[in-house]
$ cat protein26.cif   # mmCIF, C-alpha atoms
data_structure
loop_
_atom_site.group_PDB
_atom_site.id
_atom_site.type_symbol
_atom_site.label_atom_id
_atom_site.label_comp_id
_atom_site.auth_asym_id
_atom_site.auth_seq_id
_atom_site.Cartn_x
_atom_site.Cartn_y
_atom_site.Cartn_z
ATOM 1 C CA MET A 26 38.522 224.682 43.025
ATOM 2 C CA GLN A 27 41.387 222.330 43.786
ATOM 3 C CA THR A 28 41.797 219.801 46.518
ATOM 4 C CA SER A 29 44.981 219.122 48.408
ATOM 5 C CA SER A 30 44.293 215.494 49.349
ATOM 6 C CA LEU A 31 43.775 214.156 45.836
ATOM 7 C CA LYS A 32 45.548 210.843 45.219
ATOM 8 C CA LEU A 33 46.611 210.095 41.670
ATOM 9 C CA TYR A 34 48.185 206.799 40.650
ATOM 10 C CA SER A 35 50.329 205.507 37.837
ATOM 11 C CA LEU A 36 49.481 201.826 37.632
ATOM 12 C CA GLY A 37 51.686 199.561 35.520
ATOM 13 C CA TYR A 38 50.854 196.656 33.246
ATOM 14 C CA SER A 39 52.488 194.182 35.645
ATOM 15 C CA GLU A 40 49.961 195.021 38.374
ATOM 16 C CA ILE A 41 46.715 193.039 38.604
ATOM 17 C CA ARG A 42 45.002 196.172 39.926
ATOM 18 C CA THR A 43 45.579 197.868 36.565
ATOM 19 C CA TYR A 44 43.373 195.343 34.791
ATOM 20 C CA GLY A 45 40.692 195.374 37.487
ATOM 21 C CA VAL A 46 40.448 199.169 37.465
ATOM 22 C CA ALA A 47 40.510 199.241 33.660
ATOM 23 C CA ALA A 48 37.755 196.603 33.540
ATOM 24 C CA LEU A 49 35.538 198.818 35.707
ATOM 25 C CA PHE A 50 36.130 201.826 33.448
ATOM 26 C CA ILE A 51 35.541 199.713 30.334
ATOM 27 C CA LEU A 52 32.284 198.402 31.795
ATOM 28 C CA GLY A 53 31.235 201.971 32.585
ATOM 29 C CA ASN A 54 32.202 203.000 29.060
ATOM 30 C CA ILE A 55 29.869 200.288 27.767
ATOM 31 C CA ILE A 56 26.910 201.196 29.997
ATOM 32 C CA ILE A 57 27.088 205.011 29.918
ATOM 33 C CA PRO A 58 27.121 205.383 26.105
ATOM 34 C CA GLN A 59 24.093 203.088 25.883
ATOM 35 C CA LEU A 60 22.205 205.415 28.214
ATOM 36 C CA PHE A 61 23.206 208.474 26.189
ATOM 37 C CA HIS A 62 22.158 206.744 22.966
ATOM 38 C CA LEU A 63 18.596 206.734 24.314
ATOM 39 C CA ILE A 64 18.651 210.511 23.742
ATOM 40 C CA PRO A 65 18.346 211.571 20.075
ATOM 41 C CA GLN A 66 21.864 212.433 18.871
ATOM 42 C CA GLY A 67 23.056 211.680 22.422
ATOM 43 C CA GLY A 68 26.295 210.008 21.368
ATOM 44 C CA VAL A 69 27.523 212.755 19.065
ATOM 45 C CA THR A 70 26.348 215.519 21.403
ATOM 46 C CA TRP A 71 27.571 214.177 24.756
ATOM 47 C CA LEU A 72 30.617 212.130 23.599
ATOM 48 C CA PRO A 73 30.122 209.593 26.424
ATOM 49 C CA ILE A 74 32.730 207.084 25.190
ATOM 50 C CA TYR A 75 35.507 209.478 26.226
ATOM 51 C CA PHE A 76 34.338 210.329 29.748
ATOM 52 C CA LEU A 77 35.647 207.366 31.704
ATOM 53 C CA THR A 78 38.775 207.185 29.570
ATOM 54 C CA LEU A 79 39.549 210.707 30.807
ATOM 55 C CA VAL A 80 38.779 209.850 34.424
ATOM 56 C CA GLY A 81 40.650 206.542 34.328
ATOM 57 C CA ALA A 82 43.752 207.967 32.692
ATOM 58 C CA TYR A 83 43.858 211.011 34.952
ATOM 59 C CA LYS A 84 43.249 209.151 38.196
ATOM 60 C CA TYR A 85 45.055 205.847 37.542
ATOM 61 C CA GLY A 86 47.566 206.664 34.798
ATOM 62 C CA TRP A 87 47.858 206.468 31.052
ATOM 63 C CA LYS A 88 48.079 202.662 31.033
ATOM 64 C CA VAL A 89 44.611 202.268 32.568
ATOM 65 C CA GLY A 90 43.460 205.007 30.197
ATOM 66 C CA LEU A 91 44.946 203.229 27.191
ATOM 67 C CA LEU A 92 43.309 199.908 28.057
ATOM 68 C CA THR A 93 39.994 201.733 28.437
ATOM 69 C CA ALA A 94 40.545 203.749 25.240
ATOM 70 C CA LEU A 95 41.238 200.685 23.121
ATOM 71 C CA ALA A 96 38.741 198.209 24.549
ATOM 72 C CA SER A 97 35.665 200.404 25.111
ATOM 73 C CA PRO A 98 34.900 201.443 21.520
ATOM 74 C CA VAL A 99 35.703 198.003 20.109
ATOM 75 C CA ILE A 100 33.484 196.179 22.617
ATOM 76 C CA ASN A 101 30.676 198.713 22.120
ATOM 77 C CA SER A 102 30.925 198.300 18.366
ATOM 78 C CA LEU A 103 30.884 194.496 18.581
ATOM 79 C CA LEU A 104 27.986 194.351 21.044
ATOM 80 C CA PHE A 105 25.792 197.236 19.895
ATOM 81 C CA GLY A 106 27.046 198.394 16.489
ATOM 82 C CA MET A 107 27.865 201.785 17.971
ATOM 83 C CA PRO A 108 30.220 203.233 17.102
ATOM 84 C CA ALA A 109 29.997 201.956 13.571
ATOM 85 C CA VAL A 110 33.059 200.040 12.427
ATOM 86 C CA SER A 111 33.843 202.850 9.972
ATOM 87 C CA GLY A 112 34.053 205.308 12.886
ATOM 88 C CA LEU A 113 36.311 203.158 15.064
ATOM 89 C CA PRO A 114 39.681 204.429 13.787
ATOM 90 C CA ALA A 115 38.873 208.060 14.596
ATOM 91 C CA ILE A 116 37.349 207.238 17.995
ATOM 92 C CA ILE A 117 40.253 204.976 18.938
ATOM 93 C CA LEU A 118 42.693 207.678 17.818
ATOM 94 C CA LYS A 119 40.990 210.343 19.947
ATOM 95 C CA SER A 120 40.617 207.982 22.910
ATOM 96 C CA THR A 121 44.282 207.000 22.742
ATOM 97 C CA VAL A 122 45.426 210.615 22.540
ATOM 98 C CA LEU A 123 43.121 211.400 25.470
ATOM 99 C CA ALA A 124 44.652 208.609 27.572
ATOM 100 C CA PHE A 125 48.184 209.863 26.965
ATOM 101 C CA VAL A 126 47.417 213.572 27.416
ATOM 102 C CA ALA A 127 45.374 212.986 30.591
ATOM 103 C CA GLY A 128 48.045 210.702 32.044
ATOM 104 C CA LEU A 129 50.767 213.216 31.204
ATOM 105 C CA PHE A 130 48.900 216.103 32.853
ATOM 106 C CA ALA A 131 48.119 214.073 35.957
ATOM 107 C CA THR A 132 51.771 213.050 36.303
ATOM 108 C CA LYS A 133 53.066 216.567 35.699
ATOM 109 C CA PHE A 134 50.650 218.536 37.899
ATOM 110 C CA ARG A 135 49.560 215.912 40.483
ATOM 111 C CA LYS A 136 46.149 217.572 40.753
ATOM 112 C CA ALA A 137 43.006 217.947 38.685
ATOM 113 C CA ALA A 138 41.986 221.570 38.311
ATOM 114 C CA LEU A 139 39.306 222.696 35.896
ATOM 115 C CA TRP A 140 41.818 224.573 33.720
ATOM 116 C CA GLN A 141 43.955 221.445 33.427
ATOM 117 C CA LEU A 142 41.027 219.290 32.365
ATOM 118 C CA MET A 143 40.017 221.977 29.875
ATOM 119 C CA ILE A 144 43.475 221.825 28.298
ATOM 120 C CA VAL A 145 43.403 218.006 28.281
ATOM 121 C CA VAL A 146 39.994 217.902 26.574
ATOM 122 C CA LEU A 147 40.813 220.623 24.058
ATOM 123 C CA GLY A 148 44.225 219.053 23.460
ATOM 124 C CA TYR A 149 42.943 215.583 22.631
ATOM 125 C CA GLN A 150 40.132 217.066 20.555
ATOM 126 C CA ILE A 151 42.445 219.277 18.502
ATOM 127 C CA ILE A 152 45.027 216.525 17.935
ATOM 128 C CA GLY A 153 42.285 213.957 17.340
ATOM 129 C CA THR A 154 40.452 216.224 14.916
ATOM 130 C CA ALA A 155 43.646 216.704 12.889
ATOM 131 C CA GLY A 156 44.141 212.929 12.803
ATOM 132 C CA GLU A 157 40.511 212.331 11.915
ATOM 133 C CA TRP A 158 40.834 214.849 9.085
ATOM 134 C CA LEU A 159 43.724 212.816 7.700
ATOM 135 C CA LEU A 160 41.771 209.575 8.127
ATOM 136 C CA LYS A 161 38.520 210.810 6.589
ATOM 137 C CA ASP A 162 39.926 213.393 4.187
ATOM 138 C CA SER A 163 37.090 215.699 5.261
ATOM 139 C CA LEU A 164 37.572 218.658 7.578
ATOM 140 C CA TYR A 165 33.800 218.983 7.956
ATOM 141 C CA ALA A 166 33.454 215.389 9.193
ATOM 142 C CA ALA A 167 36.516 215.739 11.416
ATOM 143 C CA MET A 168 35.078 218.868 13.057
ATOM 144 C CA GLN A 169 31.907 217.066 14.188
ATOM 145 C CA ASP A 170 32.855 217.105 17.875
ATOM 146 C CA PHE A 171 33.432 220.871 17.705
ATOM 147 C CA ARG A 172 30.192 221.410 15.768
ATOM 148 C CA ILE A 173 27.939 219.119 17.820
ATOM 149 C CA GLY A 174 29.872 217.778 20.809
ATOM 150 C CA VAL A 175 30.594 220.930 22.823
ATOM 151 C CA PRO A 176 28.131 219.848 25.566
ATOM 152 C CA GLY A 177 30.060 216.574 25.820
ATOM 153 C CA MET A 178 33.375 218.375 26.082
ATOM 154 C CA LEU A 179 31.979 220.574 28.850
ATOM 155 C CA LEU A 180 30.667 217.465 30.606
ATOM 156 C CA GLN A 181 34.115 215.896 30.388
ATOM 157 C CA ILE A 182 35.746 218.987 31.892
ATOM 158 C CA VAL A 183 33.294 219.717 34.701
ATOM 159 C CA GLY A 184 32.060 216.173 35.272
ATOM 160 C CA GLY A 185 35.581 214.766 35.050
ATOM 161 C CA TRP A 186 36.821 217.315 37.578
ATOM 162 C CA PHE A 187 33.977 216.433 39.935
ATOM 163 C CA VAL A 188 34.443 212.658 39.633
ATOM 164 C CA ILE A 189 38.231 212.804 39.995
ATOM 165 C CA ASN A 190 38.198 215.235 42.908
ATOM 166 C CA PHE A 191 35.130 214.149 44.858
ATOM 167 C CA LEU A 192 33.787 210.738 43.890
ATOM 168 C CA ILE A 193 36.980 208.677 43.630
ATOM 169 C CA ARG A 194 39.181 210.362 46.204
ATOM 170 C CA ARG A 195 41.032 207.206 47.346
#

$ encode --input "protein26.cif" --output "C-alpha coordinates"
Amino acid sequence: MQTSSLKLYSLGYSEIRTYGVAALFILGNIIIPQLFHLIPQGGVTWLPIYFLTLVGAYKYGWKVGLLTALASPVINSLLFGMPAVSGLPAIILKSTVLAFVAGLFATKFRKAALWQLMIVVLGYQIIGTAGEWLLKDSLYAAMQDFRIGVPGMLLQIVGGWFVINFLIRR
(Lines of atoms letter the chains of each structure in order from A and count residues from 1; the text may use other names and numbers.)
(Lines give C-alpha, C1' and ligand atoms only; values in the text may rest on other atoms or scores of the structure.)
Protein backbone atom coordinates (compact mmCIF):
# COMPACT_ATOMS: atom_id res chain seq x y z
CA MET A 1 0.00 0.00 0.00
CA GLN A 2 2.84 2.39 -0.76
CA THR A 3 3.44 4.58 -3.73
CA SER A 4 6.78 5.19 -5.36
CA SER A 5 6.06 8.63 -6.82
CA LEU A 6 5.11 10.36 -3.57
CA LYS A 7 6.67 13.82 -3.21
CA LEU A 8 7.31 15.05 0.31
CA TYR A 9 8.64 18.52 1.06
CA SER A 10 10.41 20.26 3.89
CA LEU A 11 9.40 23.89 3.53
CA GLY A 12 11.28 26.51 5.56
CA TYR A 13 10.09 29.62 7.34
CA SER A 14 11.87 31.87 4.83
CA GLU A 15 9.69 30.57 1.99
CA ILE A 16 6.42 32.33 1.17
CA ARG A 17 4.98 28.98 0.09
CA THR A 18 5.26 27.74 3.68
CA TYR A 19 2.77 30.34 4.88
CA GLY A 20 0.40 29.84 1.95
CA VAL A 21 0.31 26.07 2.43
CA ALA A 22 -0.04 26.47 6.20
CA ALA A 23 -2.89 28.95 5.70
CA LEU A 24 -4.77 26.37 3.62
CA PHE A 25 -4.31 23.70 6.29
CA ILE A 26 -5.32 26.14 9.03
CA LEU A 27 -8.45 27.09 7.09
CA GLY A 28 -9.26 23.40 6.66
CA ASN A 29 -8.64 22.87 10.37
CA ILE A 30 -11.21 25.59 11.05
CA ILE A 31 -13.87 24.26 8.67
CA ILE A 32 -13.55 20.50 9.25
CA PRO A 33 -13.92 20.60 13.06
CA GLN A 34 -17.04 22.74 12.68
CA LEU A 35 -18.57 20.05 10.48
CA PHE A 36 -17.68 17.32 12.97
CA HIS A 37 -19.14 19.37 15.82
CA LEU A 38 -22.53 19.03 14.12
CA ILE A 39 -22.39 15.36 15.18
CA PRO A 40 -23.05 14.75 18.90
CA GLN A 41 -19.65 14.22 20.56
CA GLY A 42 -18.11 14.60 17.08
CA GLY A 43 -15.07 16.55 18.24
CA VAL A 44 -13.99 14.18 20.99
CA THR A 45 -14.80 11.09 18.91
CA TRP A 46 -13.27 12.07 15.56
CA LEU A 47 -10.45 14.40 16.75
CA PRO A 48 -10.74 16.55 13.59
CA ILE A 49 -8.38 19.32 14.76
CA TYR A 50 -5.42 16.97 14.33
CA PHE A 51 -6.16 15.63 10.84
CA LEU A 52 -4.76 18.40 8.67
CA THR A 53 -1.90 19.00 11.07
CA LEU A 54 -0.85 15.40 10.38
CA VAL A 55 -1.26 15.77 6.62
CA GLY A 56 0.46 19.16 6.49
CA ALA A 57 3.42 18.11 8.60
CA TYR A 58 3.89 14.82 6.77
CA LYS A 59 3.56 16.23 3.27
CA TYR A 60 5.15 19.68 3.68
CA GLY A 61 7.38 19.34 6.75
CA TRP A 62 7.26 20.01 10.45
CA LYS A 63 7.33 23.79 10.01
CA VAL A 64 4.03 23.81 8.09
CA GLY A 65 2.74 21.33 10.66
CA LEU A 66 3.82 23.54 13.55
CA LEU A 67 2.16 26.64 12.10
CA THR A 68 -1.02 24.61 11.62
CA ALA A 69 -0.74 23.03 15.09
CA LEU A 70 -0.40 26.36 16.86
CA ALA A 71 -2.83 28.51 14.88
CA SER A 72 -5.74 26.11 14.29
CA PRO A 73 -6.84 25.48 17.88
CA VAL A 74 -6.34 29.10 18.92
CA ILE A 75 -8.34 30.48 15.98
CA ASN A 76 -11.08 27.89 16.51
CA SER A 77 -11.26 28.77 20.19
CA LEU A 78 -11.43 32.51 19.48
CA LEU A 79 -14.04 32.20 16.74
CA PHE A 80 -16.23 29.37 18.01
CA GLY A 81 -15.31 28.70 21.65
CA MET A 82 -14.20 25.20 20.70
CA PRO A 83 -11.90 24.00 21.99
CA ALA A 84 -12.56 25.68 25.28
CA VAL A 85 -9.71 27.88 26.48
CA SER A 86 -9.09 25.44 29.35
CA GLY A 87 -8.47 22.66 26.81
CA LEU A 88 -6.08 24.64 24.61
CA PRO A 89 -2.82 23.71 26.38
CA ALA A 90 -3.39 19.97 25.96
CA ILE A 91 -4.57 20.29 22.35
CA ILE A 92 -1.67 22.57 21.43
CA LEU A 93 0.74 20.16 23.13
CA LYS A 94 -0.62 17.17 21.19
CA SER A 95 -0.76 19.13 17.93
CA THR A 96 2.83 20.31 18.35
CA VAL A 97 4.08 16.81 19.13
CA LEU A 98 2.14 15.56 16.10
CA ALA A 99 3.78 18.14 13.83
CA PHE A 100 7.27 17.16 14.95
CA VAL A 101 6.70 13.39 14.90
CA ALA A 102 5.00 13.48 11.48
CA GLY A 103 7.72 15.70 10.03
CA LEU A 104 10.43 13.46 11.46
CA PHE A 105 8.87 10.29 10.01
CA ALA A 106 8.35 11.88 6.61
CA THR A 107 11.97 13.05 6.51
CA LYS A 108 13.33 9.70 7.69
CA PHE A 109 11.25 7.36 5.52
CA ARG A 110 10.34 9.58 2.52
CA LYS A 111 7.05 7.73 2.12
CA ALA A 112 3.72 7.44 3.88
CA ALA A 113 2.81 3.84 4.61
CA LEU A 114 -0.07 2.88 6.86
CA TRP A 115 2.26 1.42 9.50
CA GLN A 116 4.23 4.67 9.61
CA LEU A 117 1.12 6.78 10.09
CA MET A 118 -0.05 4.37 12.78
CA ILE A 119 3.21 4.90 14.67
CA VAL A 120 2.99 8.68 14.20
CA VAL A 121 -0.59 8.81 15.52
CA LEU A 122 0.06 6.47 18.43
CA GLY A 123 3.32 8.28 19.17
CA TYR A 124 1.82 11.75 19.41
CA GLN A 125 -1.14 10.39 21.36
CA ILE A 126 1.02 8.57 23.91
CA ILE A 127 3.42 11.50 24.38
CA GLY A 128 0.53 13.97 24.36
CA THR A 129 -1.47 11.93 26.85
CA ALA A 130 1.51 11.87 29.24
CA GLY A 131 1.84 15.65 28.89
CA GLU A 132 -1.89 16.16 29.32
CA TRP A 133 -1.77 14.02 32.47
CA LEU A 134 0.87 16.36 33.87
CA LEU A 135 -1.15 19.42 32.84
CA LYS A 136 -4.50 18.21 34.18
CA ASP A 137 -3.26 16.02 37.02
CA SER A 138 -5.87 13.45 35.96
CA LEU A 139 -5.03 10.26 34.10
CA TYR A 140 -8.72 9.70 33.38
CA ALA A 141 -9.07 13.09 31.67
CA ALA A 142 -5.78 12.63 29.84
CA MET A 143 -6.90 9.25 28.47
CA GLN A 144 -10.00 10.73 26.80
CA ASP A 145 -8.66 10.29 23.26
CA PHE A 146 -7.95 6.61 23.97
CA ARG A 147 -11.36 6.14 25.62
CA ILE A 148 -13.47 8.04 23.07
CA GLY A 149 -11.28 9.11 20.15
CA VAL A 150 -10.22 5.78 18.64
CA PRO A 151 -12.41 6.38 15.54
CA GLY A 152 -10.59 9.70 15.07
CA MET A 153 -7.20 8.06 15.38
CA LEU A 154 -8.20 5.46 12.79
CA LEU A 155 -9.43 8.26 10.52
CA GLN A 156 -6.09 10.02 10.89
CA ILE A 157 -4.19 6.86 9.97
CA VAL A 158 -6.29 5.67 7.04
CA GLY A 159 -7.59 9.04 5.90
CA GLY A 160 -4.18 10.65 6.30
CA TRP A 161 -2.57 7.88 4.26
CA PHE A 162 -5.17 8.32 1.53
CA VAL A 163 -4.89 12.12 1.39
CA ILE A 164 -1.08 12.13 1.45
CA ASN A 165 -0.71 9.36 -1.12
CA PHE A 166 -3.58 10.04 -3.50
CA LEU A 167 -5.16 13.46 -3.12
CA ILE A 168 -2.09 15.71 -2.79
CA ARG A 169 0.44 13.84 -4.89
CA ARG A 170 2.28 16.92 -6.23

$ resolve_selection --input "protein26.cif" --expression "the PyMOL selection byres ((chain A and resi 183) around 12)" --output "PyMOL selection string"
chain A and resi 26+76+79-80+137-143+146+176-182+184-191

$ resolve_selection --input "protein26.cif" --expression "the PyMOL selection byres ((chain A and resi 55) around 9)" --output "NGL selection string"
:A and (50-54 or 56-59 or 74 or 97-98 or 100-101)

$ write_last_selection --input "protein26.cif" --atoms "C-alpha atoms" --output "mmCIF file, in the coordinates of the input"
data_model
loop_
_atom_site.group_PDB
_atom_site.id
_atom_site.type_symbol
_atom_site.label_atom_id
_atom_site.label_comp_id
_atom_site.auth_asym_id
_atom_site.auth_seq_id
_atom_site.Cartn_x
_atom_site.Cartn_y
_atom_site.Cartn_z
ATOM 1 C CA PHE A 50 36.130 201.826 33.448
ATOM 2 C CA ILE A 51 35.541 199.713 30.334
ATOM 3 C CA LEU A 52 32.284 198.402 31.795
ATOM 4 C CA GLY A 53 31.235 201.971 32.585
ATOM 5 C CA ASN A 54 32.202 203.000 29.060
ATOM 6 C CA ILE A 56 26.910 201.196 29.997
ATOM 7 C CA ILE A 57 27.088 205.011 29.918
ATOM 8 C CA PRO A 58 27.121 205.383 26.105
ATOM 9 C CA GLN A 59 24.093 203.088 25.883
ATOM 10 C CA ILE A 74 32.730 207.084 25.190
ATOM 11 C CA SER A 97 35.665 200.404 25.111
ATOM 12 C CA PRO A 98 34.900 201.443 21.520
ATOM 13 C CA ILE A 100 33.484 196.179 22.617
ATOM 14 C CA ASN A 101 30.676 198.713 22.120
#

$ atom_distance --input "protein26.cif" --atom1 "atom CA of A:Gly37" --atom2 "atom CA of A:Ser102"
27.0 Å

$ resolve_selection --input "protein26.cif" --expression "the PyMOL selection byres ((chain A and resi 125) around 9)" --output "PyMOL selection string"
chain A and resi 82+86-88+90-91+120-124+126-130+149

$ closest_residue --input "protein26.cif" --among "A:Lys84, A:Lys119, A:His62, A:Arg135" --to "A:Met107" --atoms "only C-alpha atoms"
A:His62

$ closest_residue --input "protein26.cif" --among "A:Val69, A:Leu147, A:Ile41, A:Leu31" --to "A:Tyr83" --atoms "all atoms listed in the file"
A:Leu31

$ closest_residue --input "protein26.cif" --among "A:Leu63, A:Val89, A:Val99, A:Ala115" --to "A:Leu159" --atoms "only C-alpha atoms"
A:Ala115

$ closest_residue --input "protein26.cif" --among "A:Leu72, A:Leu36, A:Leu77, A:Val175" --to "A:Leu49" --atoms "all atoms listed in the file"
A:Leu77

$ atom_distance --input "protein26.cif" --atom1 "atom CA of A:Tyr34" --atom2 "atom CA of A:Trp71"
27.1 Å

$ residues_around --input "protein26.cif" --residues "A:Lys161" --least-positions-apart "5" --cutoff "10 Å" --atoms "all atoms listed in the file" --output "PDB file with C-alpha atoms, keeping the file's coordinate frame"
ATOM      1  CA  SER A 111      33.843 202.850   9.972  1.00  0.00           C
ATOM      2  CA  GLY A 112      34.053 205.308  12.886  1.00  0.00           C
ATOM      3  CA  PRO A 114      39.681 204.429  13.787  1.00  0.00           C
ATOM      4  CA  ALA A 115      38.873 208.060  14.596  1.00  0.00           C
ATOM      5  CA  GLY A 156      44.141 212.929  12.803  1.00  0.00           C
ATOM      6  CA  ALA A 166      33.454 215.389   9.193  1.00  0.00           C
ATOM      7  CA  ALA A 167      36.516 215.739  11.416  1.00  0.00           C
TER       8      ALA A 167
END

$ atom_distance --input "protein26.cif" --atom1 "atom CA of A:Ser35" --atom2 "atom CA of A:Thr78"
14.3 Å

$ closest_residue --input "protein26.cif" --among "A:Arg42, A:Ile64, A:Gly106, A:Tyr75" --to "A:Val145" --atoms "only C-alpha atoms"
A:Tyr75

$ decode --input "protein26.cif" --residues "stretch 104-146 of chain A" --atoms "N, CA and C atoms" --output "mmCIF file, in the first residue's frame"
data_model
loop_
_atom_site.group_PDB
_atom_site.id
_atom_site.type_symbol
_atom_site.label_atom_id
_atom_site.label_comp_id
_atom_site.auth_asym_id
_atom_site.auth_seq_id
_atom_site.Cartn_x
_atom_site.Cartn_y
_atom_site.Cartn_z
ATOM 1 N N LEU A 104 -12.868 32.015 17.593
ATOM 2 C CA LEU A 104 -14.042 32.200 16.738
ATOM 3 C C LEU A 104 -15.280 31.455 17.223
ATOM 4 N N PHE A 105 -15.086 30.233 17.730
ATOM 5 C CA PHE A 105 -16.233 29.365 18.013
ATOM 6 C C PHE A 105 -16.312 28.874 19.458
ATOM 7 N N GLY A 106 -15.307 29.171 20.268
ATOM 8 C CA GLY A 106 -15.312 28.701 21.649
ATOM 9 C C GLY A 106 -14.985 27.224 21.794
ATOM 10 N N MET A 107 -14.586 26.611 20.696
ATOM 11 C CA MET A 107 -14.205 25.202 20.703
ATOM 12 C C MET A 107 -12.855 25.067 20.022
ATOM 13 N N PRO A 108 -11.879 24.533 20.631
ATOM 14 C CA PRO A 108 -11.903 23.997 21.988
ATOM 15 C C PRO A 108 -11.998 25.114 23.023
ATOM 16 N N ALA A 109 -12.490 24.736 24.178
ATOM 17 C CA ALA A 109 -12.557 25.683 25.285
ATOM 18 C C ALA A 109 -11.146 26.123 25.641
ATOM 19 N N VAL A 110 -11.030 27.342 26.132
ATOM 20 C CA VAL A 110 -9.715 27.883 26.484
ATOM 21 C C VAL A 110 -8.989 26.959 27.457
ATOM 22 N N SER A 111 -9.730 26.347 28.367
ATOM 23 C CA SER A 111 -9.093 25.440 29.345
ATOM 24 C C SER A 111 -8.494 24.202 28.677
ATOM 25 N N GLY A 112 -8.990 23.824 27.511
ATOM 26 C CA GLY A 112 -8.471 22.659 26.805
ATOM 27 C C GLY A 112 -7.347 22.973 25.834
ATOM 28 N N LEU A 113 -7.100 24.264 25.588
ATOM 29 C CA LEU A 113 -6.076 24.641 24.614
ATOM 30 C C LEU A 113 -4.678 24.116 24.919
ATOM 31 N N PRO A 114 -4.188 24.196 26.151
ATOM 32 C CA PRO A 114 -2.818 23.715 26.382
ATOM 33 C C PRO A 114 -2.612 22.260 25.968
ATOM 34 N N ALA A 115 -3.540 21.390 26.310
ATOM 35 C CA ALA A 115 -3.390 19.975 25.964
ATOM 36 C C ALA A 115 -3.488 19.764 24.453
ATOM 37 N N ILE A 116 -4.404 20.453 23.796
ATOM 38 C CA ILE A 116 -4.567 20.293 22.350
ATOM 39 C C ILE A 116 -3.358 20.857 21.614
ATOM 40 N N ILE A 117 -2.866 21.993 22.056
ATOM 41 C CA ILE A 117 -1.669 22.572 21.429
ATOM 42 C C ILE A 117 -0.461 21.669 21.660
ATOM 43 N N LEU A 118 -0.352 21.096 22.854
ATOM 44 C CA LEU A 118 0.739 20.159 23.129
ATOM 45 C C LEU A 118 0.672 18.966 22.173
ATOM 46 N N LYS A 119 -0.491 18.334 22.072
ATOM 47 C CA LYS A 119 -0.617 17.168 21.193
ATOM 48 C C LYS A 119 -0.386 17.554 19.733
ATOM 49 N N SER A 120 -0.935 18.684 19.318
ATOM 50 C CA SER A 120 -0.758 19.125 17.931
ATOM 51 C C SER A 120 0.701 19.393 17.613
ATOM 52 N N THR A 121 1.408 20.003 18.544
ATOM 53 C CA THR A 121 2.825 20.311 18.349
ATOM 54 C C THR A 121 3.650 19.036 18.264
ATOM 55 N N VAL A 122 3.384 18.103 19.170
ATOM 56 C CA VAL A 122 4.082 16.814 19.126
ATOM 57 C C VAL A 122 3.783 16.119 17.802
ATOM 58 N N LEU A 123 2.530 16.159 17.373
ATOM 59 C CA LEU A 123 2.142 15.556 16.098
ATOM 60 C C LEU A 123 2.927 16.164 14.942
ATOM 61 N N ALA A 124 3.049 17.481 14.914
ATOM 62 C CA ALA A 124 3.781 18.145 13.826
ATOM 63 C C ALA A 124 5.229 17.669 13.770
ATOM 64 N N PHE A 125 5.873 17.594 14.922
ATOM 65 C CA PHE A 125 7.272 17.162 14.948
ATOM 66 C C PHE A 125 7.435 15.682 14.593
ATOM 67 N N VAL A 126 6.591 14.833 15.161
ATOM 68 C CA VAL A 126 6.705 13.390 14.897
ATOM 69 C C VAL A 126 6.398 13.095 13.431
ATOM 70 N N ALA A 127 5.345 13.702 12.887
ATOM 71 C CA ALA A 127 4.998 13.475 11.481
ATOM 72 C C ALA A 127 6.108 13.980 10.559
ATOM 73 N N GLY A 128 6.625 15.168 10.842
ATOM 74 C CA GLY A 128 7.718 15.700 10.030
ATOM 75 C C GLY A 128 8.966 14.836 10.095
ATOM 76 N N LEU A 129 9.274 14.332 11.279
ATOM 77 C CA LEU A 129 10.430 13.456 11.459
ATOM 78 C C LEU A 129 10.271 12.162 10.653
ATOM 79 N N PHE A 130 9.100 11.532 10.750
ATOM 80 C CA PHE A 130 8.868 10.294 10.008
ATOM 81 C C PHE A 130 8.918 10.517 8.507
ATOM 82 N N ALA A 131 8.331 11.603 8.047
ATOM 83 C CA ALA A 131 8.349 11.885 6.607
ATOM 84 C C ALA A 131 9.775 12.084 6.121
ATOM 85 N N THR A 132 10.585 12.805 6.881
ATOM 86 C CA THR A 132 11.974 13.048 6.511
ATOM 87 C C THR A 132 12.777 11.750 6.528
ATOM 88 N N LYS A 133 12.559 10.936 7.548
ATOM 89 C CA LYS A 133 13.333 9.704 7.687
ATOM 90 C C LYS A 133 12.970 8.655 6.632
ATOM 91 N N PHE A 134 11.681 8.457 6.382
ATOM 92 C CA PHE A 134 11.249 7.356 5.520
ATOM 93 C C PHE A 134 10.929 7.768 4.086
ATOM 94 N N ARG A 135 10.652 9.058 3.863
ATOM 95 C CA ARG A 135 10.344 9.583 2.525
ATOM 96 C C ARG A 135 9.176 8.879 1.843
ATOM 97 N N LYS A 136 8.283 8.320 2.630
ATOM 98 C CA LYS A 136 7.050 7.726 2.119
ATOM 99 C C LYS A 136 6.038 7.710 3.258
ATOM 100 N N ALA A 137 4.784 7.467 2.883
ATOM 101 C CA ALA A 137 3.719 7.443 3.884
ATOM 102 C C ALA A 137 2.992 6.111 3.788
ATOM 103 N N ALA A 138 3.460 5.148 4.540
ATOM 104 C CA ALA A 138 2.807 3.843 4.610
ATOM 105 C C ALA A 138 1.865 3.831 5.812
ATOM 106 N N LEU A 139 0.885 2.961 5.760
ATOM 107 C CA LEU A 139 -0.073 2.883 6.860
ATOM 108 C C LEU A 139 0.617 2.635 8.199
ATOM 109 N N TRP A 140 1.596 1.738 8.234
ATOM 110 C CA TRP A 140 2.260 1.421 9.504
ATOM 111 C C TRP A 140 2.996 2.645 10.047
ATOM 112 N N GLN A 141 3.532 3.467 9.159
ATOM 113 C CA GLN A 141 4.227 4.670 9.614
ATOM 114 C C GLN A 141 3.246 5.668 10.222
ATOM 115 N N LEU A 142 2.117 5.854 9.559
ATOM 116 C CA LEU A 142 1.119 6.782 10.087
ATOM 117 C C LEU A 142 0.528 6.259 11.394
ATOM 118 N N MET A 143 0.420 4.942 11.524
ATOM 119 C CA MET A 143 -0.049 4.370 12.781
ATOM 120 C C MET A 143 0.929 4.705 13.912
ATOM 121 N N ILE A 144 2.209 4.574 13.650
ATOM 122 C CA ILE A 144 3.209 4.896 14.673
ATOM 123 C C ILE A 144 3.194 6.389 14.994
ATOM 124 N N VAL A 145 3.055 7.228 13.977
ATOM 125 C CA VAL A 145 2.986 8.679 14.196
ATOM 126 C C VAL A 145 1.794 9.017 15.087
ATOM 127 N N VAL A 146 0.621 8.494 14.752
ATOM 128 C CA VAL A 146 -0.590 8.813 15.516
ATOM 129 C C VAL A 146 -0.497 8.257 16.938
#
